[in-house]
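Trainee: If it helps, the file is called model.cif and holds mmCIF, C-alpha atoms:
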data_my_file
loop_
_atom_site.label_atom_id
_atom_site.label_comp_id
_atom_site.auth_asym_id
_atom_site.auth_seq_id
_atom_site.Cartn_x
_atom_site.Cartn_y
_atom_site.Cartn_z
CA MET W 157 -12.37 34.74 33.84
CA ALA W 158 -9.16 34.81 35.80
CA ALA W 159 -9.97 32.07 38.30
CA THR W 160 -7.43 29.29 38.72
CA LEU W 161 -8.62 25.71 38.31
CA VAL W 162 -7.11 22.64 39.94
CA LEU W 163 -7.12 19.44 37.92
CA CYS W 164 -8.10 16.48 40.07
CA SER W 165 -9.34 13.08 38.91
CA CYS W 166 -9.04 9.43 39.74
CA GLY W 167 -5.59 8.20 38.85
CA SER W 168 -4.58 11.54 37.21
CA ALA W 169 -1.93 14.09 38.23
CA GLU W 170 -2.92 17.52 39.50
CA GLU W 171 -2.19 20.55 37.35
CA THR W 172 -3.25 24.18 37.47
CA VAL W 173 -5.02 25.51 34.39
CA LYS W 174 -6.80 28.72 33.55
CA ALA W 175 -10.60 28.55 33.56
CA PRO W 176 -11.52 27.70 29.97
CA GLU W 177 -12.99 30.60 28.05
CA LEU W 178 -15.33 28.26 26.21
CA ILE W 179 -17.36 27.73 29.42
CA ASN W 180 -18.34 31.25 30.28
CA ALA W 181 -16.71 33.78 27.97
CA VAL W 182 -18.36 32.88 24.69
CA GLY W 183 -21.87 32.91 26.05
CA VAL W 184 -22.64 29.24 25.48
CA ASP W 185 -25.29 27.79 27.80
CA MET W 186 -23.85 24.99 29.90
CA ASP W 187 -25.53 22.23 31.94
CA THR W 188 -24.27 19.41 34.14
CA GLU W 189 -24.71 15.66 34.19
CA GLU W 190 -23.62 12.92 36.58
CA VAL W 191 -21.23 10.23 35.41
CA LYS W 192 -23.23 7.00 35.42
CA LYS W 193 -23.12 3.36 34.38
CA MET W 194 -25.14 1.76 31.60
CA ASP W 195 -24.90 -0.91 28.91
CA LEU W 196 -23.48 0.61 25.74
CA SER W 197 -23.49 -0.58 22.15
CA GLY W 198 -21.25 1.71 20.19
CA VAL W 199 -22.37 3.35 16.97
CA THR W 200 -20.86 6.72 16.11
CA SER W 201 -22.11 8.48 12.99
CA PHE W 202 -20.42 11.03 10.75
CA THR W 203 -21.85 12.95 7.81
CA ALA W 204 -20.07 11.99 4.58
CA GLN W 205 -19.98 12.92 0.91
CA VAL W 206 -19.57 10.50 -1.97
CA VAL W 207 -16.62 11.79 -3.99
CA PRO W 208 -14.54 10.35 -6.83
CA GLY W 209 -11.25 8.62 -6.22
CA ILE W 210 -8.44 11.06 -6.93
CA GLU W 211 -5.17 9.99 -8.55
CA GLY W 212 -2.27 12.38 -8.02
CA LEU W 213 0.20 12.01 -10.89
CA SER W 214 3.86 13.01 -10.57
CA PHE W 215 6.95 13.14 -12.73
CA THR W 216 9.84 11.08 -11.37
CA SER W 217 12.27 13.77 -12.57
CA SER W 218 12.37 17.49 -11.94
CA GLY W 219 12.31 20.02 -14.76
CA ASN W 220 10.28 22.48 -16.78
CA ILE W 221 7.06 21.45 -18.49
CA GLU W 222 7.69 21.31 -22.21
CA ASP W 223 4.22 20.23 -23.36
CA LEU W 224 0.94 20.04 -21.43
CA TYR W 225 -1.60 18.11 -23.49
CA VAL W 226 -4.65 18.39 -21.17
CA THR W 227 -6.72 21.03 -19.41
CA ILE W 228 -9.10 20.84 -16.44
CA GLY W 229 -12.26 18.98 -17.41
CA ASP W 230 -10.66 16.83 -20.11
CA ARG W 231 -11.54 13.14 -20.16
CA VAL W 232 -8.44 10.94 -20.36
CA LYS W 233 -7.74 7.25 -20.90
CA LYS W 234 -5.38 5.03 -18.96
CA GLY W 235 -1.93 5.22 -20.55
CA GLU W 236 -2.61 8.55 -22.27
CA LEU W 237 0.34 10.97 -22.38
CA LEU W 238 -0.59 14.05 -20.36
CA ALA W 239 2.60 16.12 -20.21
CA THR W 240 6.34 16.08 -20.86
CA LEU W 241 9.35 17.85 -19.38
CA SER W 242 12.08 19.49 -21.42
CA GLY W 243 15.56 17.95 -21.33
CA ALA W 244 16.11 14.24 -21.71
CA SER W 245 13.03 13.75 -23.85
CA GLY W 246 14.35 16.40 -26.25
CA ASN W 247 17.74 14.66 -26.37
CA ALA W 248 16.09 11.38 -27.26
CA LYS W 249 14.16 13.01 -30.06
CA ARG W 250 17.30 14.73 -31.39
CA LEU W 251 19.34 11.51 -31.30
CA LYS W 252 16.60 9.61 -33.07
CA GLU W 253 16.58 12.21 -35.83
CA GLU W 254 20.39 12.15 -36.04
CA ILE W 255 20.43 8.36 -36.41
CA ALA W 256 17.86 8.50 -39.20
CA SER W 257 19.84 11.23 -40.95
CA MET W 258 23.13 9.31 -40.57
CA LYS W 259 21.62 6.14 -42.03
CA GLU W 260 20.27 8.05 -45.00
CA SER W 261 23.59 9.85 -45.56
CA ASN W 262 25.60 6.62 -45.18
CA ALA W 263 23.39 4.88 -47.70
CA ASP W 264 24.07 7.64 -50.25
CA ILE W 265 27.83 7.60 -49.59
CA ASN W 266 28.04 3.82 -49.83
CA LYS W 267 25.96 3.84 -52.97
CA GLN W 268 28.36 6.31 -54.59
CA SER W 269 31.40 4.27 -53.49
CA GLN W 270 29.88 1.09 -54.89
CA TYR W 271 29.06 2.92 -58.12
CA ASP W 272 32.74 3.97 -58.47
CA ILE W 273 33.82 0.35 -57.93
CA ASP W 274 31.31 -0.87 -60.52
CA MET W 275 32.55 1.71 -63.02
CA GLN W 276 36.15 0.59 -62.49
CA GLY W 277 34.95 -2.98 -62.98
CA GLU W 278 33.44 -2.04 -66.31
CA ASN W 279 36.68 -0.32 -67.27
CA LEU W 280 38.60 -3.46 -66.33
CA LYS W 281 36.39 -5.53 -68.61
CA ASN W 282 37.05 -3.16 -71.50
CA LEU W 283 40.79 -3.24 -70.89
CA LYS W 284 40.82 -7.04 -70.89
CA LYS W 285 38.76 -7.05 -74.07
CA GLN W 286 41.21 -4.64 -75.69
CA LEU W 287 44.11 -6.84 -74.57
CA LYS W 288 42.64 -9.80 -76.40
CA GLN W 289 42.29 -7.74 -79.57
CA ALA W 290 45.70 -6.04 -79.37
CA LYS W 291 48.31 -7.06 -81.96
CA LYS W 292 51.29 -4.93 -81.07
CA THR W 293 53.62 -5.80 -78.22
CA MET W 294 53.84 -2.26 -76.86
CA GLU W 295 50.05 -1.92 -76.89
CA LYS W 296 49.68 -5.24 -75.03
CA LYS W 297 52.26 -4.15 -72.46
CA SER W 298 50.44 -0.86 -71.86
CA LEU W 299 47.08 -2.61 -71.51
CA ARG W 300 48.47 -5.15 -69.05
CA ALA W 301 49.86 -2.33 -66.94
CA GLN W 302 46.47 -0.56 -66.97
CA ILE W 303 44.72 -3.81 -66.05
CA LEU W 304 47.01 -4.36 -63.05
CA GLU W 305 46.55 -0.77 -61.92
CA THR W 306 42.75 -0.98 -62.28
CA GLU W 307 42.59 -4.28 -60.41
CA GLU W 308 44.65 -2.75 -57.59
CA ASN W 309 42.39 0.32 -57.52
CA ILE W 310 39.29 -1.88 -57.33
CA LYS W 311 40.84 -3.88 -54.48
CA ILE W 312 41.70 -0.71 -52.56
CA ALA W 313 38.23 0.76 -53.23
CA LYS W 314 36.53 -2.38 -51.92
CA GLU W 315 38.68 -2.35 -48.78
CA LYS W 316 37.87 1.32 -48.24
CA LEU W 317 34.16 0.62 -48.67
CA ALA W 318 34.32 -2.21 -46.14
CA GLN W 319 36.17 0.01 -43.64
CA GLN W 320 33.74 2.82 -44.36
CA LYS W 321 30.75 0.59 -43.60
CA GLU W 322 32.39 -0.72 -40.44
CA MET W 323 33.05 2.82 -39.22
CA GLN W 324 29.48 3.82 -40.02
CA THR W 325 28.15 0.82 -38.10
CA MET W 326 30.25 1.74 -35.07
CA GLU W 327 29.02 5.34 -35.19
CA ILE W 328 25.39 4.24 -35.49
CA ARG W 329 25.80 1.80 -32.59
CA GLN W 330 27.21 4.56 -30.40
CA LYS W 331 24.34 6.87 -31.31
CA GLN W 332 21.85 4.08 -30.60
CA ALA W 333 23.48 3.49 -27.20
CA ASP W 334 23.15 7.22 -26.50
CA LEU W 335 19.51 7.04 -27.62
CA THR W 336 18.81 4.09 -25.30
CA GLU W 337 20.28 6.02 -22.37
CA ALA W 338 18.35 9.15 -23.31
CA LYS W 339 15.11 7.17 -23.52
CA LYS W 340 15.85 5.66 -20.13
CA ASN W 341 16.38 9.11 -18.66
CA SER W 342 13.33 10.50 -20.44
CA LYS W 343 10.97 8.03 -18.76
CA GLY W 344 10.81 10.34 -15.79
CA THR W 345 10.03 13.29 -18.05
CA LYS W 346 6.80 11.86 -19.44
CA LEU W 347 3.58 11.76 -17.45
CA TYR W 348 0.89 9.24 -18.36
CA SER W 349 -2.57 8.78 -16.87
CA THR W 350 -2.83 5.68 -14.69
CA ILE W 351 -6.64 5.57 -14.89
CA ASP W 352 -9.63 6.46 -17.05
CA GLY W 353 -10.99 9.66 -15.60
CA GLU W 354 -11.35 13.44 -15.67
CA VAL W 355 -8.57 15.98 -15.15
CA ILE W 356 -9.43 18.12 -12.10
CA SER W 357 -6.18 20.04 -11.63
CA THR W 358 -2.90 20.79 -13.38
CA THR W 359 0.27 22.46 -12.15
CA GLY W 360 1.19 25.46 -14.27
CA GLY W 361 1.74 25.16 -18.01
CA SER W 362 4.48 25.27 -20.60
CA GLY W 363 7.76 26.33 -18.99
CA TYR W 364 6.50 25.78 -15.42
CA MET W 365 9.05 24.22 -13.05
CA VAL W 366 7.95 21.00 -11.32
CA GLN W 367 9.69 18.84 -8.74
CA GLY W 368 10.04 15.10 -9.17
CA GLY W 369 7.55 13.33 -6.90
CA ALA W 370 5.31 16.39 -6.46
CA VAL W 371 1.75 16.07 -7.79
CA ALA W 372 1.57 17.77 -11.18
CA ILE W 373 -1.84 16.60 -12.43
CA GLN W 374 -4.86 15.17 -10.61
CA VAL W 375 -7.31 12.85 -12.33
CA ALA W 376 -10.70 11.95 -10.82
CA ASN W 377 -11.89 8.39 -11.26
CA MET W 378 -15.66 8.85 -11.65
CA LYS W 379 -16.16 5.09 -11.69
CA GLU W 380 -14.58 4.59 -8.26
CA PRO W 381 -16.56 6.44 -5.57
CA ARG W 382 -15.19 6.93 -2.09
CA LEU W 383 -16.30 8.77 1.06
CA ARG W 384 -15.06 11.96 2.67
CA THR W 385 -15.88 13.03 6.23
CA ALA W 386 -14.55 15.69 8.56
CA TYR W 387 -11.42 14.52 10.36
CA VAL W 388 -11.99 11.48 12.59
CA SER W 389 -9.27 10.90 15.18
CA ASP W 390 -7.15 7.76 15.06
CA SER W 391 -8.30 6.93 18.60
CA LYS W 392 -11.94 6.80 17.47
CA LEU W 393 -11.06 4.78 14.40
CA ALA W 394 -9.02 2.33 16.48
CA LYS W 395 -11.90 1.70 18.86
CA ALA W 396 -14.27 0.72 16.05
CA SER W 397 -14.60 -2.94 15.19
CA SER W 398 -16.12 -2.19 11.78
CA TYR W 399 -16.97 0.71 9.46
CA VAL W 400 -20.23 0.96 7.52
CA ALA W 401 -21.50 3.51 5.01
CA VAL W 402 -25.20 4.23 4.66
CA VAL W 403 -26.08 5.59 1.21
CA ASP W 404 -29.69 6.04 0.11
CA GLY W 405 -30.82 3.68 2.86
CA LYS W 406 -28.41 0.89 1.89
CA LYS W 407 -25.43 -0.21 3.97
CA TYR W 408 -21.98 -0.89 2.52
CA GLU W 409 -18.82 -2.22 4.11
CA ILE W 410 -16.02 0.34 3.97
CA GLU W 411 -12.40 0.66 5.07
CA VAL W 412 -10.52 3.73 6.22
CA GLU W 413 -7.55 5.18 4.37
CA GLU W 414 -4.47 5.27 6.61
CA GLN W 415 -3.87 8.69 8.09
CA GLU W 416 -0.18 9.52 8.19
CA LEU W 417 0.71 12.01 10.91
CA THR W 418 4.17 12.88 12.12
CA ARG W 419 4.99 13.37 15.80
CA GLU W 420 5.62 17.06 15.11
CA GLU W 421 2.18 17.49 13.50
CA ILE W 422 0.49 15.80 16.45
CA GLU W 423 2.40 17.89 18.99
CA MET W 424 1.48 21.08 17.12
CA GLY W 425 -2.14 20.01 16.68
CA GLN W 426 -1.88 20.08 12.89
CA TYR W 427 -4.48 17.49 11.93
CA PRO W 428 -5.97 16.84 8.48
CA LYS W 429 -9.27 18.43 7.53
CA ASN W 430 -10.75 15.18 6.25
CA THR W 431 -10.77 11.42 6.70
CA TRP W 432 -11.28 9.19 3.67
CA PHE W 433 -13.04 5.83 3.38
CA ASP W 434 -13.08 3.34 0.50
CA PHE W 435 -15.79 0.85 -0.38
CA VAL W 436 -14.65 -2.74 0.08
CA ASP W 437 -16.70 -3.71 -3.00
CA LYS W 438 -15.11 -1.73 -5.83
CA ASN W 439 -18.17 -2.22 -8.07
CA VAL W 440 -20.81 -0.44 -5.98
CA ASN W 441 -23.45 1.40 -7.98
CA ILE W 442 -23.30 4.76 -6.21
CA GLU W 443 -23.42 8.19 -7.81
CA ILE W 444 -20.69 10.74 -7.19
CA GLY W 445 -22.07 13.68 -5.18
CA GLU W 446 -24.55 11.72 -3.07
CA SER W 447 -24.77 12.34 0.67
CA ALA W 448 -23.99 9.48 3.03
CA THR W 449 -23.42 8.55 6.65
CA VAL W 450 -20.36 6.76 7.97
CA GLU W 451 -21.03 4.61 11.04
CA LEU W 452 -18.30 3.33 13.34
CA TYR W 453 -19.36 0.23 15.28
CA THR W 454 -17.75 -0.82 18.55
CA ASP W 455 -18.40 -3.89 20.69
CA SER W 456 -21.13 -3.78 23.33
CA VAL W 457 -19.99 -3.00 26.88
CA LYS W 458 -21.86 -3.98 30.06
CA ASP W 459 -22.02 -1.44 32.93
CA ALA W 460 -19.93 1.09 31.05
CA LEU W 461 -19.07 4.32 32.85
CA VAL W 462 -20.55 6.96 30.54
CA VAL W 463 -21.09 10.67 30.01
CA PRO W 464 -23.07 12.47 27.29
CA THR W 465 -21.12 12.94 24.07
CA ASN W 466 -21.33 16.73 24.38
CA ALA W 467 -19.54 16.54 27.75
CA VAL W 468 -16.31 15.37 26.09
CA TYR W 469 -14.00 17.83 24.34
CA GLN W 470 -11.07 17.08 22.12
CA ASN W 471 -7.81 18.74 21.23
CA GLY W 472 -6.32 16.59 18.53
CA GLU W 473 -5.89 13.13 20.07
CA GLU W 474 -6.47 14.34 23.66
CA SER W 475 -9.95 13.94 25.18
CA TYR W 476 -11.07 15.77 28.33
CA VAL W 477 -14.11 16.77 30.41
CA TYR W 478 -14.82 19.56 32.89
CA VAL W 479 -15.58 18.15 36.36
CA VAL W 480 -17.43 20.23 38.99
CA ASN W 481 -15.86 20.11 42.47
CA GLY W 482 -17.75 22.60 44.58
CA ASP W 483 -17.17 25.97 42.98
CA ALA W 484 -14.14 24.75 41.02
CA LYS W 485 -14.30 23.79 37.39
CA ASN W 486 -11.56 21.26 36.66
CA LYS W 487 -10.33 20.13 33.28
CA VAL W 488 -9.73 16.36 33.48
CA VAL W 489 -8.03 14.38 30.73
CA VAL W 490 -9.92 11.11 30.13
CA THR W 491 -9.50 7.91 28.17
CA THR W 492 -12.60 7.11 26.15
CA GLY W 493 -13.93 3.79 24.89
CA THR W 494 -17.15 2.78 23.15
CA GLU W 495 -19.14 5.67 21.68
CA THR W 496 -22.67 6.24 20.47
CA ASP W 497 -24.29 9.38 19.15
CA ALA W 498 -25.58 10.05 22.70
CA TYR W 499 -22.98 8.63 25.12
CA ILE W 500 -19.25 8.02 25.41
CA GLN W 501 -17.67 5.41 27.65
CA ILE W 502 -15.06 6.83 30.03
CA VAL W 503 -12.35 4.26 30.76
CA THR W 504 -10.13 6.41 32.99
CA GLY W 505 -10.26 9.92 34.43
CA VAL W 506 -13.59 10.13 36.28
CA LYS W 507 -15.71 7.95 38.58
CA GLU W 508 -19.39 7.20 38.90
CA GLY W 509 -21.26 10.09 40.48
CA ASP W 510 -18.83 12.80 39.35
CA VAL W 511 -20.57 15.84 37.88
CA VAL W 512 -19.41 17.05 34.47
CA TYR W 513 -20.30 20.01 32.33
CA VAL W 514 -22.48 19.28 29.31
CA GLU W 515 -22.79 21.76 26.47
CA SER W 516 -26.47 22.56 25.91
#
Go ahead and express the file in the form of structure tokens.
Mentor:
Amino acid sequence: MAATLVLCSCGSAEETVKAPELINAVGVDMDTEEVKKMDLSGVTSFTAQVVPGIEGLSFTSSGNIEDLYVTIGDRVKKGELLATLSGASGNAKRLKEEIASMKESNADINKQSQYDIDMQGENLKNLKKQLKQAKKTMEKKSLRAQILETEENIKIAKEKLAQQKEMQTMEIRQKQADLTEAKKNSKGTKLYSTIDGEVISTTGGSGYMVQGGAVAIQVANMKEPRLRTAYVSDSKLAKASSYVAVVDGKKYEIEVEEQELTREEIEMGQYPKNTWFDFVDKNVNIEIGESATVELYTDSVKDALVVPTNAVYQNGEESYVYVVNGDAKNKVVVTTGTETDAYIQIVTGVKEGDVVYVES
């Protein structure tokens, strides 16, 4: 339909728009209804599904997966190691092995040095014993010279051993400092489960490149049910004074998860597919997979200006109706208020008695 429509409503600017294809082109039967006033108590319902809470787990560092210890469907415990990245964790392991090897090697070297000192000590004892038994002057002189030389050798050997041990201690301390730094760096290369649950997704496998902060593994918390609905606009959520879930005939207080949308996403109409709600009582006895209803309650309004719910259309956060003015069909942007499953309060955009299209 190529007709040109003129937008005209109370307090709204005029604009020319093309006759919407959804009215006539797609073959949908349309009806009309007058805008009227009535008392309105707002309850808007949405079909929901009880789903498990999902924990997205991320490495704090980027790198390649070295070991992936879980697969989809595995049950995991809180604190369980799920995966590691290559790099810093490997350095820590290597340094730890080097320190152990150095300590073992140093112990052997020091043991041999001490053995040499002990042997020289035994030799010194024998020389002193021989000196006591010596009768000849020349023999005594030779023994005294050997004793002095041996004593000097023992002194030097002990000093060398002390310096050797000091040097070894310094080398070990440096390696331990390197190990501490490597362990610090490796914290971001190990991924632990933050909950008891079931693995529902993993990113790649051994050798796969992952970015720090990007979700690498998802774990479902089967003991913490939550609710998923189709996307509910922030404007509808803001109008509600309370949120209630109805599951198997019982009502539960719930709260909505904050929906983060950038200005660019809103301008481009890129809205999420789902809205998520959490039970206020974290110990509800509800089975995962059950069907539910989410009800948004708004305060009662006296003499509210209303139209049928199927007279209001939405494009992201924008709400609008089609007003009949003679033969013209005008798209009018409106501000909505309290809602029920049957009626929506119109705060601005139309007046009582206006005729709007209603989708049959």
Trainee: What gap, in Å, lies between CA of Leu393 in chain W and CA of Thr454 in chain W?
Mentor: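 Atom-to-atom, CA of Leu393 in chain W and CA of Thr454 in chain W are spaced 9.7 Å apart.
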Trainee: Carefully work through the PyMOL selection byres ((chain W and resi 439) around 12) for this structure and note down the residues it includes, as a PyMOL selection string.
Mentor: chain W and resi 378-382+408+434-438+440-443
Trainee: Looking at W:Thr496, W:Ser218, W:Lys487, W:Val206, which one is nearest to Phe433 in chain W, with distances taken over all atoms listed in the file?
Mentor: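 Using all atoms listed in the file, Phe433 in chain W sits closest to W:Val206.
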Trainee: When the PyMOL selection byres ((chain W and resi 279-289) around 10) is applied to the structure above, which residues does it catch, written out as a ChimeraX atom specification?
Mentor: /W:273-278,290-292,295-307,310
Trainee: Taking all atoms listed in the file into account, name the residue in W:Leu383, W:Val489, W:Val207, W:Val366 that is nearest to Ile410 in chain W.
Mentor: W:Leu383
Trainee: Report as a PyMOL selection string the full result of the PyMOL selection byres ((chain W and resi 388) around 10) when it is applied to this structure.
Mentor: chain W and resi 202+385-387+389-393+415+427-432+472-473
Trainee: Tell me which protein, DNA and RNA residues are within 12 Å of Ala372 in chain W, counting only C-alpha atoms, leaving out same-chain ones fewer than 2 positions away, and put them as an MDAnalysis selection string.
Mentor: chainID W and resid 211:221 224 226 238:241 345:349 355:361 364:370 374:375
Trainee: Could you give me, as a list in words, the residues within 8 Å of range 448-450 of chain W, counting only C-alpha atoms and dropping anything in the same chain fewer than 2 positions from it?
Mentor: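 In the requested format, the answer is Ser201, Phe202, Thr203, Ala204, Gln205, Val206, Leu383, Thr385, Tyr399, Val400, Ala401, Val402, Val403, Asp404, Glu446 and Leu452 of chain W.
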Trainee: Would you save the residues from that selection as a PDB file, in the frame of the given file, using C-alpha atoms?
Mentor:
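Everything below was put into result03.pdb:
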ATOM      1  CA  SER W 201     -22.110   8.480  12.990  1.00  0.00           C
ATOM      2  CA  PHE W 202     -20.420  11.030  10.750  1.00  0.00           C
ATOM      3  CA  THR W 203     -21.850  12.950   7.810  1.00  0.00           C
ATOM      4  CA  ALA W 204     -20.070  11.990   4.580  1.00  0.00           C
ATOM      5  CA  GLN W 205     -19.980  12.920   0.910  1.00  0.00           C
ATOM      6  CA  VAL W 206     -19.570  10.500  -1.970  1.00  0.00           C
ATOM      7  CA  LEU W 383     -16.300   8.770   1.060  1.00  0.00           C
ATOM      8  CA  THR W 385     -15.880  13.030   6.230  1.00  0.00           C
ATOM      9  CA  TYR W 399     -16.970   0.710   9.460  1.00  0.00           C
ATOM     10  CA  VAL W 400     -20.230   0.960   7.520  1.00  0.00           C
ATOM     11  CA  ALA W 401     -21.500   3.510   5.010  1.00  0.00           C
ATOM     12  CA  VAL W 402     -25.200   4.230   4.660  1.00  0.00           C
ATOM     13  CA  VAL W 403     -26.080   5.590   1.210  1.00  0.00           C
ATOM     14  CA  ASP W 404     -29.690   6.040   0.110  1.00  0.00           C
ATOM     15  CA  GLU W 446     -24.550  11.720  -3.070  1.00  0.00           C
ATOM     16  CA  LEU W 452     -18.300   3.330  13.340  1.00  0.00           C
TER      17      LEU W 452
END
Trainee: Can you tell me, as a list of chain:residue names, what residues are no more than 6 Å from Tyr478 in chain W when counting all atoms listed in the file, ignoring any on the same chain fewer than 4 positions away?
Mentor: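 Residues near the query, excluding close chain neighbours: W:Asn486, W:Lys487, W:Val512, W:Tyr513.
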Trainee: Quick one: distance from CA of Met194 in chain W to CA of Gly509 in chain W in Å, one decimal?
Mentor: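 Those two atoms sit 12.8 Å apart.
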Trainee: Give me, please, the distance in Å between CA of Gly493 in chain W and CA of Asn466 in chain W, quoted to one decimal.
Mentor: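 Distance reported for this atom pair: 14.9 Å.
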Trainee: The residues within 9 Å of (24.3, 7.4, -39.4), using only C-alpha atoms and the coordinates of the file, should be reported as a PyMOL selection string; which are they?
Mentor: chain W and resi 254-263+324-325+327-329+331
Trainee: Would you fill the gaps in range 399-417 of chain W so it has N, CA and C atoms, then print it as a PDB file, in the frame of the given file?
Mentor:
ATOM      1  N   TYR W 399     -16.519  -0.556  10.044  1.00  0.00           N
ATOM      2  CA  TYR W 399     -16.970   0.710   9.460  1.00  0.00           C
ATOM      3  C   TYR W 399     -18.030   0.401   8.415  1.00  0.00           C
ATOM      4  N   VAL W 400     -19.118   1.179   8.456  1.00  0.00           N
ATOM      5  CA  VAL W 400     -20.230   0.960   7.520  1.00  0.00           C
ATOM      6  C   VAL W 400     -20.659   2.310   6.955  1.00  0.00           C
ATOM      7  N   ALA W 401     -20.958   2.315   5.648  1.00  0.00           N
ATOM      8  CA  ALA W 401     -21.500   3.510   5.010  1.00  0.00           C
ATOM      9  C   ALA W 401     -22.977   3.280   4.712  1.00  0.00           C
ATOM     10  N   VAL W 402     -23.775   4.293   4.978  1.00  0.00           N
ATOM     11  CA  VAL W 402     -25.200   4.230   4.660  1.00  0.00           C
ATOM     12  C   VAL W 402     -25.457   5.247   3.544  1.00  0.00           C
ATOM     13  N   VAL W 403     -25.820   4.732   2.366  1.00  0.00           N
ATOM     14  CA  VAL W 403     -26.080   5.590   1.210  1.00  0.00           C
ATOM     15  C   VAL W 403     -27.453   5.241   0.654  1.00  0.00           C
ATOM     16  N   ASP W 404     -28.331   6.242   0.632  1.00  0.00           N
ATOM     17  CA  ASP W 404     -29.690   6.040   0.110  1.00  0.00           C
ATOM     18  C   ASP W 404     -30.370   4.851   0.788  1.00  0.00           C
ATOM     19  N   GLY W 405     -30.159   4.721   2.095  1.00  0.00           N
ATOM     20  CA  GLY W 405     -30.820   3.680   2.860  1.00  0.00           C
ATOM     21  C   GLY W 405     -30.138   2.318   2.814  1.00  0.00           C
ATOM     22  N   LYS W 406     -29.105   2.167   2.000  1.00  0.00           N
ATOM     23  CA  LYS W 406     -28.410   0.890   1.890  1.00  0.00           C
ATOM     24  C   LYS W 406     -27.073   0.959   2.622  1.00  0.00           C
ATOM     25  N   LYS W 407     -26.678  -0.167   3.216  1.00  0.00           N
ATOM     26  CA  LYS W 407     -25.430  -0.210   3.970  1.00  0.00           C
ATOM     27  C   LYS W 407     -24.333  -0.904   3.157  1.00  0.00           C
ATOM     28  N   TYR W 408     -23.125  -0.360   3.248  1.00  0.00           N
ATOM     29  CA  TYR W 408     -21.980  -0.890   2.520  1.00  0.00           C
ATOM     30  C   TYR W 408     -20.782  -0.990   3.455  1.00  0.00           C
ATOM     31  N   GLU W 409     -20.038  -2.066   3.324  1.00  0.00           N
ATOM     32  CA  GLU W 409     -18.820  -2.220   4.110  1.00  0.00           C
ATOM     33  C   GLU W 409     -17.743  -1.296   3.539  1.00  0.00           C
ATOM     34  N   ILE W 410     -17.060  -0.595   4.407  1.00  0.00           N
ATOM     35  CA  ILE W 410     -16.020   0.340   3.970  1.00  0.00           C
ATOM     36  C   ILE W 410     -14.764   0.127   4.806  1.00  0.00           C
ATOM     37  N   GLU W 411     -13.660   0.698   4.344  1.00  0.00           N
ATOM     38  CA  GLU W 411     -12.400   0.660   5.070  1.00  0.00           C
ATOM     39  C   GLU W 411     -11.779   2.041   5.052  1.00  0.00           C
ATOM     40  N   VAL W 412     -11.061   2.386   6.093  1.00  0.00           N
ATOM     41  CA  VAL W 412     -10.520   3.730   6.220  1.00  0.00           C
ATOM     42  C   VAL W 412      -9.145   3.807   5.566  1.00  0.00           C
ATOM     43  N   GLU W 413      -8.877   4.940   4.936  1.00  0.00           N
ATOM     44  CA  GLU W 413      -7.550   5.180   4.370  1.00  0.00           C
ATOM     45  C   GLU W 413      -6.607   5.570   5.512  1.00  0.00           C
ATOM     46  N   GLU W 414      -5.425   4.990   5.520  1.00  0.00           N
ATOM     47  CA  GLU W 414      -4.470   5.270   6.610  1.00  0.00           C
ATOM     48  C   GLU W 414      -4.138   6.750   6.669  1.00  0.00           C
ATOM     49  N   GLN W 415      -4.178   7.280   7.875  1.00  0.00           N
ATOM     50  CA  GLN W 415      -3.870   8.690   8.090  1.00  0.00           C
ATOM     51  C   GLN W 415      -2.447   8.811   8.611  1.00  0.00           C
ATOM     52  N   GLU W 416      -1.582   9.406   7.814  1.00  0.00           N
ATOM     53  CA  GLU W 416      -0.180   9.520   8.190  1.00  0.00           C
ATOM     54  C   GLU W 416       0.078  10.866   8.869  1.00  0.00           C
ATOM     55  N   LEU W 417       0.417  10.806  10.148  1.00  0.00           N
ATOM     56  CA  LEU W 417       0.710  12.010  10.910  1.00  0.00           C
ATOM     57  C   LEU W 417       2.068  11.867  11.579  1.00  0.00           C
TER      58      LEU W 417
END
